[in-house]
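Written below as structure tokens is the structure these notes are about.
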Amino acid sequence: MADDAIKTDVQLPVATDLKKPRPKKAPELPILERRNWLIHLHYIRKDYETCKAIIKEQLHETQGMCEYAVYVQALIMRLEGKIQQSLELFQGCAILNPKSSDNLKQVARSLFLLGKHKAAIEVYNEAARLNQKDWEISHNLGVCYIYTKDFRSAEEQLNLALQLNKHDLTYMMLGKIHLLQGDTEKATDVYKSAVEFSPENTELLTTLGLLYMQLGKYQKAFEHLGNALTYDPNNFKAILAAGSMMQTHGDYDVAMNKYRVAAYSVPESPPLWNNIGMCFFGKKKYVAAISCLKRANYLSPFDWKILYNLGLVHLTMQQYASAFHFLSAAINLRPRMSELYMLLAVALTNLDDADNARRSYEQAVQLDESNLLVNLNFAVFLYNQGDKKAALLQFQEMEIKVNSQVDSNINTEFDPELVEMAQKLGAALQAGENLYWSKPGKDSKTSQRSSSSKPSSSQQPLGTNQALGQAMSSAAGYSKSMQITAEPEADVSSAPSPPTVDPGEPEPEPEDEDEVEETAEPDKLKEKKSKPKAVAE
């Protein structure tokens, strides 16, 4: 019995092995898709040469009928900058599989990169009919509409994209639409929503901080810029903007420390050297200021703001020929800015060219409608030339502007030098008895003065001290003239970054003054520049 039990135990495993089914051979893949996995593997490893070799073999075997191989080959062509060839290949994919929205999206993107925005819109609309719940299609449609200046349709598509799926990039493009339209309040609301959705996005925090700076809400601006620097201590735009706020309030040493940090990451930034130069200017180190500004001018020779500041520095140093040179260059780049003509007239007056100085003042008055200093300086110039009748007309025009500013802003305060000069000129012309001037307070350095505000700009000035001009950084280059990035569309492989000022910016104009004061001579008035102060916005 024991022997039989042993035999049974030995025989059981043998019987079990005999009943096991033999493994079947793996199924053969279709010839069209055989190497897709290998193509994908090399593509994501960025081994493009090997990937292209495998694609070539696959297309040879399938006689060009492998959709995935053609698709990846088109992506590689685009990465190599061969946009037209990639467009043709994507069109081939769309022929092989006409019901694929991904193929149509890539065709539209290639058209967009070629600058054919209307054609891209048509293809995106066709893709949207195949897939109505793809946020990427709506986002890219909105971007294309921005380039065709159809902001209403762009806003509708971007809002639709946000309803389907919220993304930081969509918020940024929607905010830029409002900035292009000049609606800073709506742009601020969009960026606030974006920060609530993505509170650690430094680009959104920095942009919102800059918008608050333009609106004059410096406490909120500093808060958001500080948050941006908390997440990214080397954020160049946030550092430059925070430094500019400190520079605005006269904290030049603290601002210089900020700029020193920024110089490590972006040592060849024209706005950075521009602001550093104006920091030295505020500290009355004029040689260092000129050195920094000329370095900025070397890096960006066609930036009118840098030329403008160089003109201011040379005017302050009484180097009128050099000031004329830089101001003339700035006018060629910015021919509609009245303050440039006014400063040019000051330089020409000191170069004893009264005829051209008068023409320059007349051009400044024609371009400007609310800056007191243009009329006051022109009146002083005319009085010194003996034309009291014309001087009286300019003085009366200034009175109208003063009353208008006082009516619109009860707390308006004027620069003491401006008030004193106007009172003396009024007495000399036997006019100005009814002129209303708000008395400057003791703490005039911390109050906004209308004499230093730029009327043609929609934003409040950052500067609080009397200034000839202000430096401007590209960190706050968001205005009606801002530029859009070259590739703002969303893509599966790589989403493009939003525009940086360049990017250019769209940019708020610097504010400036050219104030006047009386000389020791009782019967002769002379134009004089006040101490300039630069502010990076």
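Simple scheme: letters A, B, ... for chains in structure tokens order, numbers from 1 for residues in each chain, numbers from 1 for ligands in the order shown.
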If we count only C-alpha atoms, what is near A:Glu196 at a cut-off of 12 Å, once residues fewer than 5 positions away on the same chain are taken out, given as a PDB file with all heavy atoms, in the first residue's frame?
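Saved as around-v8.pdb:
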```pdb
ATOM      1  N   LYS A 166      -8.480  74.437 -18.885  1.00  0.00           N
ATOM      2  CA  LYS A 166      -7.721  75.625 -18.501  1.00  0.00           C
ATOM      3  C   LYS A 166      -6.226  75.377 -18.639  1.00  0.00           C
ATOM      4  O   LYS A 166      -5.707  74.359 -18.168  1.00  0.00           O
ATOM      5  CB  LYS A 166      -8.052  76.021 -17.065  1.00  0.00           C
ATOM      6  CG  LYS A 166      -9.485  76.523 -16.888  1.00  0.00           C
ATOM      7  CD  LYS A 166      -9.737  76.962 -15.466  1.00  0.00           C
ATOM      8  CE  LYS A 166     -11.155  77.501 -15.299  1.00  0.00           C
ATOM      9  NZ  LYS A 166     -11.429  77.949 -13.917  1.00  0.00           N
ATOM     10  N   HIS A 167      -5.556  76.342 -19.297  1.00  0.00           N
ATOM     11  CA  HIS A 167      -4.111  76.266 -19.453  1.00  0.00           C
ATOM     12  C   HIS A 167      -3.508  77.665 -19.256  1.00  0.00           C
ATOM     13  O   HIS A 167      -4.134  78.671 -19.620  1.00  0.00           O
ATOM     14  CB  HIS A 167      -3.718  75.739 -20.837  1.00  0.00           C
ATOM     15  CG  HIS A 167      -3.855  74.261 -20.976  1.00  0.00           C
ATOM     16  ND1 HIS A 167      -5.073  73.646 -21.182  1.00  0.00           N
ATOM     17  CD2 HIS A 167      -2.935  73.258 -20.931  1.00  0.00           C
ATOM     18  CE1 HIS A 167      -4.897  72.338 -21.253  1.00  0.00           C
ATOM     19  NE2 HIS A 167      -3.607  72.082 -21.112  1.00  0.00           N
ATOM     20  N   ASP A 168      -2.302  77.721 -18.716  1.00  0.00           N
ATOM     21  CA  ASP A 168      -1.630  78.997 -18.486  1.00  0.00           C
ATOM     22  C   ASP A 168      -1.443  79.769 -19.786  1.00  0.00           C
ATOM     23  O   ASP A 168      -1.626  80.989 -19.835  1.00  0.00           O
ATOM     24  CB  ASP A 168      -0.254  78.766 -17.839  1.00  0.00           C
ATOM     25  CG  ASP A 168      -0.375  78.109 -16.475  1.00  0.00           C
ATOM     26  OD1 ASP A 168      -1.509  77.987 -15.979  1.00  0.00           O
ATOM     27  OD2 ASP A 168       0.668  77.710 -15.919  1.00  0.00           O
ATOM     28  N   TYR A 171      -4.550  81.628 -20.920  1.00  0.00           N
ATOM     29  CA  TYR A 171      -4.762  82.834 -20.117  1.00  0.00           C
ATOM     30  C   TYR A 171      -3.852  83.966 -20.580  1.00  0.00           C
ATOM     31  O   TYR A 171      -4.277  85.127 -20.684  1.00  0.00           O
ATOM     32  CB  TYR A 171      -4.488  82.529 -18.643  1.00  0.00           C
ATOM     33  CG  TYR A 171      -5.658  81.925 -17.890  1.00  0.00           C
ATOM     34  CD1 TYR A 171      -5.579  80.633 -17.376  1.00  0.00           C
ATOM     35  CD2 TYR A 171      -6.835  82.645 -17.676  1.00  0.00           C
ATOM     36  CE1 TYR A 171      -6.645  80.072 -16.680  1.00  0.00           C
ATOM     37  CE2 TYR A 171      -7.898  82.091 -16.981  1.00  0.00           C
ATOM     38  CZ  TYR A 171      -7.794  80.806 -16.482  1.00  0.00           C
ATOM     39  OH  TYR A 171      -8.853  80.268 -15.795  1.00  0.00           O
ATOM     40  N   ASP A 189      -7.781  91.533 -14.814  1.00  0.00           N
ATOM     41  CA  ASP A 189      -8.730  90.527 -14.321  1.00  0.00           C
ATOM     42  C   ASP A 189      -8.391  89.136 -14.858  1.00  0.00           C
ATOM     43  O   ASP A 189      -8.475  88.139 -14.128  1.00  0.00           O
ATOM     44  CB  ASP A 189     -10.151  90.907 -14.729  1.00  0.00           C
ATOM     45  CG  ASP A 189     -10.641  92.177 -14.032  1.00  0.00           C
ATOM     46  OD1 ASP A 189     -10.080  92.502 -12.968  1.00  0.00           O
ATOM     47  OD2 ASP A 189     -11.557  92.831 -14.564  1.00  0.00           O
ATOM     48  N   VAL A 190      -8.012  89.072 -16.138  1.00  0.00           N
ATOM     49  CA  VAL A 190      -7.647  87.777 -16.729  1.00  0.00           C
ATOM     50  C   VAL A 190      -6.430  87.199 -16.033  1.00  0.00           C
ATOM     51  O   VAL A 190      -6.388  86.010 -15.674  1.00  0.00           O
ATOM     52  CB  VAL A 190      -7.384  87.934 -18.241  1.00  0.00           C
ATOM     53  CG1 VAL A 190      -6.768  86.656 -18.807  1.00  0.00           C
ATOM     54  CG2 VAL A 190      -8.674  88.257 -18.973  1.00  0.00           C
ATOM     55  N   TYR A 191      -5.412  88.026 -15.806  1.00  0.00           N
ATOM     56  CA  TYR A 191      -4.197  87.528 -15.166  1.00  0.00           C
ATOM     57  C   TYR A 191      -4.434  87.167 -13.705  1.00  0.00           C
ATOM     58  O   TYR A 191      -3.788  86.255 -13.171  1.00  0.00           O
ATOM     59  CB  TYR A 191      -3.068  88.554 -15.296  1.00  0.00           C
ATOM     60  CG  TYR A 191      -2.426  88.559 -16.662  1.00  0.00           C
ATOM     61  CD1 TYR A 191      -2.584  89.627 -17.535  1.00  0.00           C
ATOM     62  CD2 TYR A 191      -1.664  87.478 -17.098  1.00  0.00           C
ATOM     63  CE1 TYR A 191      -2.000  89.624 -18.792  1.00  0.00           C
ATOM     64  CE2 TYR A 191      -1.075  87.465 -18.350  1.00  0.00           C
ATOM     65  CZ  TYR A 191      -1.249  88.548 -19.190  1.00  0.00           C
ATOM     66  OH  TYR A 191      -0.675  88.532 -20.434  1.00  0.00           O
ATOM     67  N   ASN A 201       3.187  80.044 -11.262  1.00  0.00           N
ATOM     68  CA  ASN A 201       3.700  80.402 -12.577  1.00  0.00           C
ATOM     69  C   ASN A 201       4.352  81.786 -12.487  1.00  0.00           C
ATOM     70  O   ASN A 201       3.683  82.803 -12.333  1.00  0.00           O
ATOM     71  CB  ASN A 201       2.566  80.409 -13.604  1.00  0.00           C
ATOM     72  CG  ASN A 201       3.063  80.586 -15.024  1.00  0.00           C
ATOM     73  OD1 ASN A 201       3.911  81.427 -15.313  1.00  0.00           O
ATOM     74  ND2 ASN A 201       2.541  79.795 -15.937  1.00  0.00           N
ATOM     75  N   LEU A 204       3.240  84.494 -15.107  1.00  0.00           N
ATOM     76  CA  LEU A 204       1.964  85.143 -14.796  1.00  0.00           C
ATOM     77  C   LEU A 204       2.108  86.124 -13.641  1.00  0.00           C
ATOM     78  O   LEU A 204       1.564  87.235 -13.690  1.00  0.00           O
ATOM     79  CB  LEU A 204       0.918  84.084 -14.449  1.00  0.00           C
ATOM     80  CG  LEU A 204       0.469  83.145 -15.577  1.00  0.00           C
ATOM     81  CD1 LEU A 204      -0.412  82.040 -15.029  1.00  0.00           C
ATOM     82  CD2 LEU A 204      -0.273  83.922 -16.660  1.00  0.00           C
ATOM     83  N   LEU A 205       2.838  85.743 -12.607  1.00  0.00           N
ATOM     84  CA  LEU A 205       3.031  86.629 -11.454  1.00  0.00           C
ATOM     85  C   LEU A 205       3.765  87.908 -11.857  1.00  0.00           C
ATOM     86  O   LEU A 205       3.395  89.010 -11.443  1.00  0.00           O
ATOM     87  CB  LEU A 205       3.813  85.892 -10.361  1.00  0.00           C
ATOM     88  CG  LEU A 205       3.060  84.786  -9.614  1.00  0.00           C
ATOM     89  CD1 LEU A 205       4.030  83.951  -8.787  1.00  0.00           C
ATOM     90  CD2 LEU A 205       1.977  85.380  -8.726  1.00  0.00           C
ATOM     91  N   LEU A 208       1.446  90.161 -14.028  1.00  0.00           N
ATOM     92  CA  LEU A 208       0.435  90.813 -13.206  1.00  0.00           C
ATOM     93  C   LEU A 208       1.048  91.934 -12.369  1.00  0.00           C
ATOM     94  O   LEU A 208       0.461  93.016 -12.215  1.00  0.00           O
ATOM     95  CB  LEU A 208      -0.254  89.782 -12.305  1.00  0.00           C
ATOM     96  CG  LEU A 208      -1.430  90.291 -11.453  1.00  0.00           C
ATOM     97  CD1 LEU A 208      -2.500  90.913 -12.337  1.00  0.00           C
ATOM     98  CD2 LEU A 208      -2.025  89.153 -10.625  1.00  0.00           C
TER      99      LEU A 208
END
```
Neighbours of A:Leu315 within 9 Å (only C-alpha atoms; same-chain residues fewer than 5 positions away dropped), as a list in words?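 Listing them by chain and then by number gives Leu310, Tyr320, Ala321, Ser322, Ala323, Phe324, Leu343, Val346, Ala347 and Lys529 of chain A.
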Residues of the last selection are to be written out with C-alpha atoms, as a short mmCIF file (atom, residue, chain, number, x, y, z; two decimals), in the first residue's frame.
```
data_model
loop_
_atom_site.label_atom_id
_atom_site.label_comp_id
_atom_site.auth_asym_id
_atom_site.auth_seq_id
_atom_site.Cartn_x
_atom_site.Cartn_y
_atom_site.Cartn_z
CA LEU A 310 21.68 110.11 -23.33
CA TYR A 320 24.56 120.77 -25.86
CA ALA A 321 26.07 119.57 -29.14
CA SER A 322 26.12 115.97 -27.92
CA ALA A 323 22.61 116.38 -26.52
CA PHE A 324 21.45 117.64 -29.92
CA LEU A 343 14.35 119.13 -25.15
CA VAL A 346 16.46 123.67 -25.17
CA ALA A 347 19.66 122.34 -26.71
CA LYS A 529 16.58 121.58 -16.82
#
```
Using Å and a single decimal, report how far atom CA of A:Cys292 sits from atom CA of A:Asp415.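 Taking atom CA of A:Asp415 and atom CA of A:Cys292, their separation equals 29.1 Å.
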Quick one: distance from atom CA of A:Lys388 to atom CA of A:Ile400 in Å, one decimal?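 Interatomic distance, atom CA of A:Lys388 to atom CA of A:Ile400: 18.4 Å.
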For atom CA of A:Tyr308 and atom CA of A:Ala330, determine how far apart the two atoms are, in Å to one decimal place. 5.9 Å
Among listed residues A:Met173, A:Leu293, A:Ala127, A:Leu113, nearest A:Ile83 (using only C-alpha atoms): A:Leu113
Would you please extract all helix (DSSP H, G or I) residues from stretch 205-394 of chain A, as assigned by DSSP on the backbone, and give them as a VMD selection string? chain A and resid 205 to 214 218 to 231 236 to 248 252 to 265 270 to 282 286 to 299 304 to 316 320 to 333 338 to 350 354 to 367 372 to 384 388 to 394
Smallest atom-to-atom distance to A:Val195: which of A:Ala120, A:Leu41, A:Met317, A:Ala228, using only C-alpha atoms?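 When distances to A:Val195 are compared using only C-alpha atoms, the smallest one comes from A:Ala228.
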